[in-house]
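Visitor: Mind having a look at this structure? Questions to follow.
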Amino acid sequence: MTIPKVAIVILNWNGLADTNECLESLKEITYPGYQVILVDNGSDGDDARVLRDTFGDYIHVIENDRNYGFAEGCNIGIRYALAHMEPEYVLLLNNDTVVAPDFLDELVRVAEGDPRIGIVGPKIYYYDFHGRKDVIWAAGGKVRWWHPWVYDGIGTNEHDVPQYNRLDSVDWVSGSAMMVKRGTVETLSYLDPRYFFGNEDVEYCIRARKRGLKVVYVPTARVWHKVGKSRKKRGPRFSDLPPYYRLLRRNFSAMAYAYHLLLLPLLLFHRGIFWMIRRW
């Protein structure tokens, strides 16, 4: 039996300690057919050298000359994987995650079981929810144009109850742990680099579903995420809103877009509150 090859793309930006922990957890996984691409996205220090010295041939290191953002940073890793590794799957994995030993076995098992599946994602827990590790951050995601924020996670802040243990088709899965079939990349191309940070995963899943591909949540694959670490390094920005409205304009009806334009003052107020809290 041929084991499908998986290329795991991890983006590092000034996150050496988190990336170390992520890679150490990956070294414990049971799936035999994978390779790791570490894309250093223009870190200020010598992260790339330290990671190369620490992990040696376990990782393929790409050093970007600057921070290209999440989408294009991942694209650089995906292009390298397709050119040099010939994988059947590409897994995007945040550097601030740790994984269960069998998470990749479970993702591949489900993805291989249905040719209509284009994207799969695991159950994602908070890494530390007030000392707990069994609280869900996302069990897949849903898109609802009439909600104040058009997309959100399923099961966020909920206990890990049986309803989140069902394999299910969902609207989107988080780019913090998203596995894509090679054929899906060949059909859709890459993440849209105009989304510097955020929204790119939602749009990619929307595009996949429009092409008739299924996006599937795999509850038996488990990942723990240090939620918000990358965003905290950047801080909340008003500049996050134009990409969000690009997502709306490109993927929803004119009526839905107009509706969300009417909600813009509320979003600006929300961003302003977060900005003031950080300033204090």
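Just so we're on the same page: first chain in the structure tokens is A, next is B, and so on; residues restart at 1 for each chain, and ligands are numbered from 1 in the order they show up.
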Which residues, written as a short mmCIF file (atom, residue, chain, number, x, y, z; two decimals) with C-alpha atoms, in the first residue's frame, have at least one atom at most 7 Å from stretch 245-262 of chain A, with only C-alpha atoms counted and residues fewer than 4 positions away on the same chain left out?
Guide:
```
data_model
loop_
_atom_site.label_atom_id
_atom_site.label_comp_id
_atom_site.auth_asym_id
_atom_site.auth_seq_id
_atom_site.Cartn_x
_atom_site.Cartn_y
_atom_site.Cartn_z
CA TRP A 145 -23.79 36.40 5.50
CA ASN A 199 -9.49 35.90 5.72
CA GLU A 203 -11.93 32.53 1.02
CA LEU A 241 -10.92 45.71 7.82
#
```
Visitor: Considering only C-alpha atoms, return as a ChimeraX atom specification whatever protein or nucleic-acid residues lie within 8 Å of A:Leu26, sequence-local ones (same chain, fewer than 2 positions apart) excluded.
Guide: /A:22-24,28-29,98-99,101
Visitor: Which residues are close to A:Met85, i.e. within 8 Å by only C-alpha atoms, leaving aside same-chain residues fewer than 4 positions away? Reply as a list of chain:residue names.
Guide: A:Ala7, A:Tyr80, A:Ala81
Visitor: Could you pull out the strand (DSSP E or B) residues of stretch 38-271 of chain A, going by DSSP on the backbone, and write them as a PyMOL selection string?
Guide: chain A and resi 38-40+59-63+89-94+97-99+117-126+129+132+135-138+141-143+151-153+159+168-169+172+177-181+214-225
Visitor: Report the distance between atom CA of A:Glu200 and atom CA of A:Ser25 in Å, rounded to one decimal place.
Guide: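 Result for atom CA of A:Glu200 versus atom CA of A:Ser25: 25.9 Å, one decimal.
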Visitor: I want to know what sits within 12 Å of A:Pro87, based on only C-alpha atoms, with residues of the same chain fewer than 4 positions away left out; could you give that as a list of chain:residue names?
Guide: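 The residues satisfying every condition are A:Ile3, A:Pro4, A:Lys5, A:Val6, A:Ala7, A:Ile8, A:Val9, A:Gly33, A:Tyr34, A:Gln35, A:Val36, A:Ile78, A:Arg79, A:Tyr80, A:Ala81, A:Leu82, A:Ala83, A:Leu91, A:Met179, A:Val180, A:Lys181, A:Arg182, A:Gly183, A:Val185.
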Visitor: If you count only C-alpha atoms, which residues fall within 12 Å of stretch 223-225 of chain A, apart from same-chain ones fewer than 2 positions away, as a PDB file with C-alpha atoms, in the first residue's frame?
Guide:
```
ATOM      1  CA  ASP A  18       6.682  28.347  19.752  1.00  0.00           C
ATOM      2  CA  THR A  19       8.143  26.927  16.544  1.00  0.00           C
ATOM      3  CA  GLU A  21       7.619  23.296  20.535  1.00  0.00           C
ATOM      4  CA  CYS A  22       5.543  22.745  17.390  1.00  0.00           C
ATOM      5  CA  SER A  25       5.449  17.658  18.751  1.00  0.00           C
ATOM      6  CA  LEU A  26       5.621  16.846  15.037  1.00  0.00           C
ATOM      7  CA  ILE A  29       3.678  11.793  15.100  1.00  0.00           C
ATOM      8  CA  LEU A  93       0.247  24.383  10.270  1.00  0.00           C
ATOM      9  CA  ASN A  94       0.680  27.387  12.536  1.00  0.00           C
ATOM     10  CA  ASN A  95       3.951  27.532  14.431  1.00  0.00           C
ATOM     11  CA  ASP A  96       2.042  28.176  17.675  1.00  0.00           C
ATOM     12  CA  THR A  97       0.364  24.759  17.664  1.00  0.00           C
ATOM     13  CA  VAL A  98       1.163  21.339  19.050  1.00  0.00           C
ATOM     14  CA  VAL A  99      -0.306  18.177  17.581  1.00  0.00           C
ATOM     15  CA  ALA A 100      -1.504  14.771  18.741  1.00  0.00           C
ATOM     16  CA  PRO A 101       0.701  11.874  17.584  1.00  0.00           C
ATOM     17  CA  ASP A 102      -2.010  10.439  15.306  1.00  0.00           C
ATOM     18  CA  PHE A 103      -3.460  13.700  13.958  1.00  0.00           C
ATOM     19  CA  LEU A 104      -1.963  13.323  10.489  1.00  0.00           C
ATOM     20  CA  GLU A 106      -6.579  10.751  10.849  1.00  0.00           C
ATOM     21  CA  LEU A 107      -6.546  13.650   8.391  1.00  0.00           C
ATOM     22  CA  GLY A 121      -9.098  20.270   9.129  1.00  0.00           C
ATOM     23  CA  PRO A 122      -8.740  18.890  12.680  1.00  0.00           C
ATOM     24  CA  LYS A 123     -10.461  19.600  15.950  1.00  0.00           C
ATOM     25  CA  ILE A 124      -8.557  22.542  17.411  1.00  0.00           C
ATOM     26  CA  TYR A 125      -8.412  23.072  21.160  1.00  0.00           C
ATOM     27  CA  TYR A 126      -7.086  26.042  23.065  1.00  0.00           C
ATOM     28  CA  TYR A 127      -3.527  25.326  24.150  1.00  0.00           C
ATOM     29  CA  ASP A 128      -4.338  26.843  27.523  1.00  0.00           C
ATOM     30  CA  PHE A 129      -7.884  27.851  28.436  1.00  0.00           C
ATOM     31  CA  ARG A 132      -7.507  23.531  30.643  1.00  0.00           C
ATOM     32  CA  LYS A 133      -6.627  21.796  27.385  1.00  0.00           C
ATOM     33  CA  ASP A 134     -10.017  20.253  26.574  1.00  0.00           C
ATOM     34  CA  VAL A 135     -11.857  23.423  25.512  1.00  0.00           C
ATOM     35  CA  ILE A 136     -12.573  23.770  21.820  1.00  0.00           C
ATOM     36  CA  TRP A 137     -11.399  26.736  19.783  1.00  0.00           C
ATOM     37  CA  ALA A 138     -12.766  25.477  16.450  1.00  0.00           C
ATOM     38  CA  ALA A 139     -14.533  22.342  15.256  1.00  0.00           C
ATOM     39  CA  SER A 174      -8.848  27.375   9.967  1.00  0.00           C
ATOM     40  CA  GLY A 175      -5.587  27.994   8.147  1.00  0.00           C
ATOM     41  CA  SER A 176      -3.856  27.323  11.453  1.00  0.00           C
ATOM     42  CA  ALA A 177      -4.228  23.614  10.610  1.00  0.00           C
ATOM     43  CA  MET A 178      -5.601  23.056   7.112  1.00  0.00           C
ATOM     44  CA  VAL A 218     -12.113  15.596  11.243  1.00  0.00           C
ATOM     45  CA  PRO A 219     -12.774  15.329  15.003  1.00  0.00           C
ATOM     46  CA  THR A 220     -10.352  12.465  15.567  1.00  0.00           C
ATOM     47  CA  ALA A 221      -7.439  14.658  14.444  1.00  0.00           C
ATOM     48  CA  VAL A 227      -4.778  31.260  19.990  1.00  0.00           C
ATOM     49  CA  GLY A 228      -4.008  34.822  19.014  1.00  0.00           C
ATOM     50  CA  LYS A 229      -0.230  34.804  19.501  1.00  0.00           C
ATOM     51  CA  SER A 230       0.556  36.080  16.012  1.00  0.00           C
TER      52      SER A 230
END
```
Visitor: Restricting the calculation to only C-alpha atoms, which member of A:Asn64, A:Val216, A:Asp171, A:Tyr151 is positioned closest to A:Val120?
Guide: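 Using only C-alpha atoms, A:Val120 sits closest to A:Val216.
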Visitor: With only C-alpha atoms as the basis for distance, which of A:Pro115, A:Pro32, A:Gly212, A:Gly45 is at the shortest distance from A:Leu16?
Guide: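 Residue with the minimum atom-to-atom distance to A:Leu16: A:Gly45.
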Visitor: Go through A:Ser169, A:Asn12, A:Ser189, A:Thr156 one by one, measure the shortest atom-to-atom distance of each to A:Leu38 using only C-alpha atoms, and give the residue with the smallest value.
Guide: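 Using only C-alpha atoms, the shortest distance to A:Leu38 belongs to A:Asn12.
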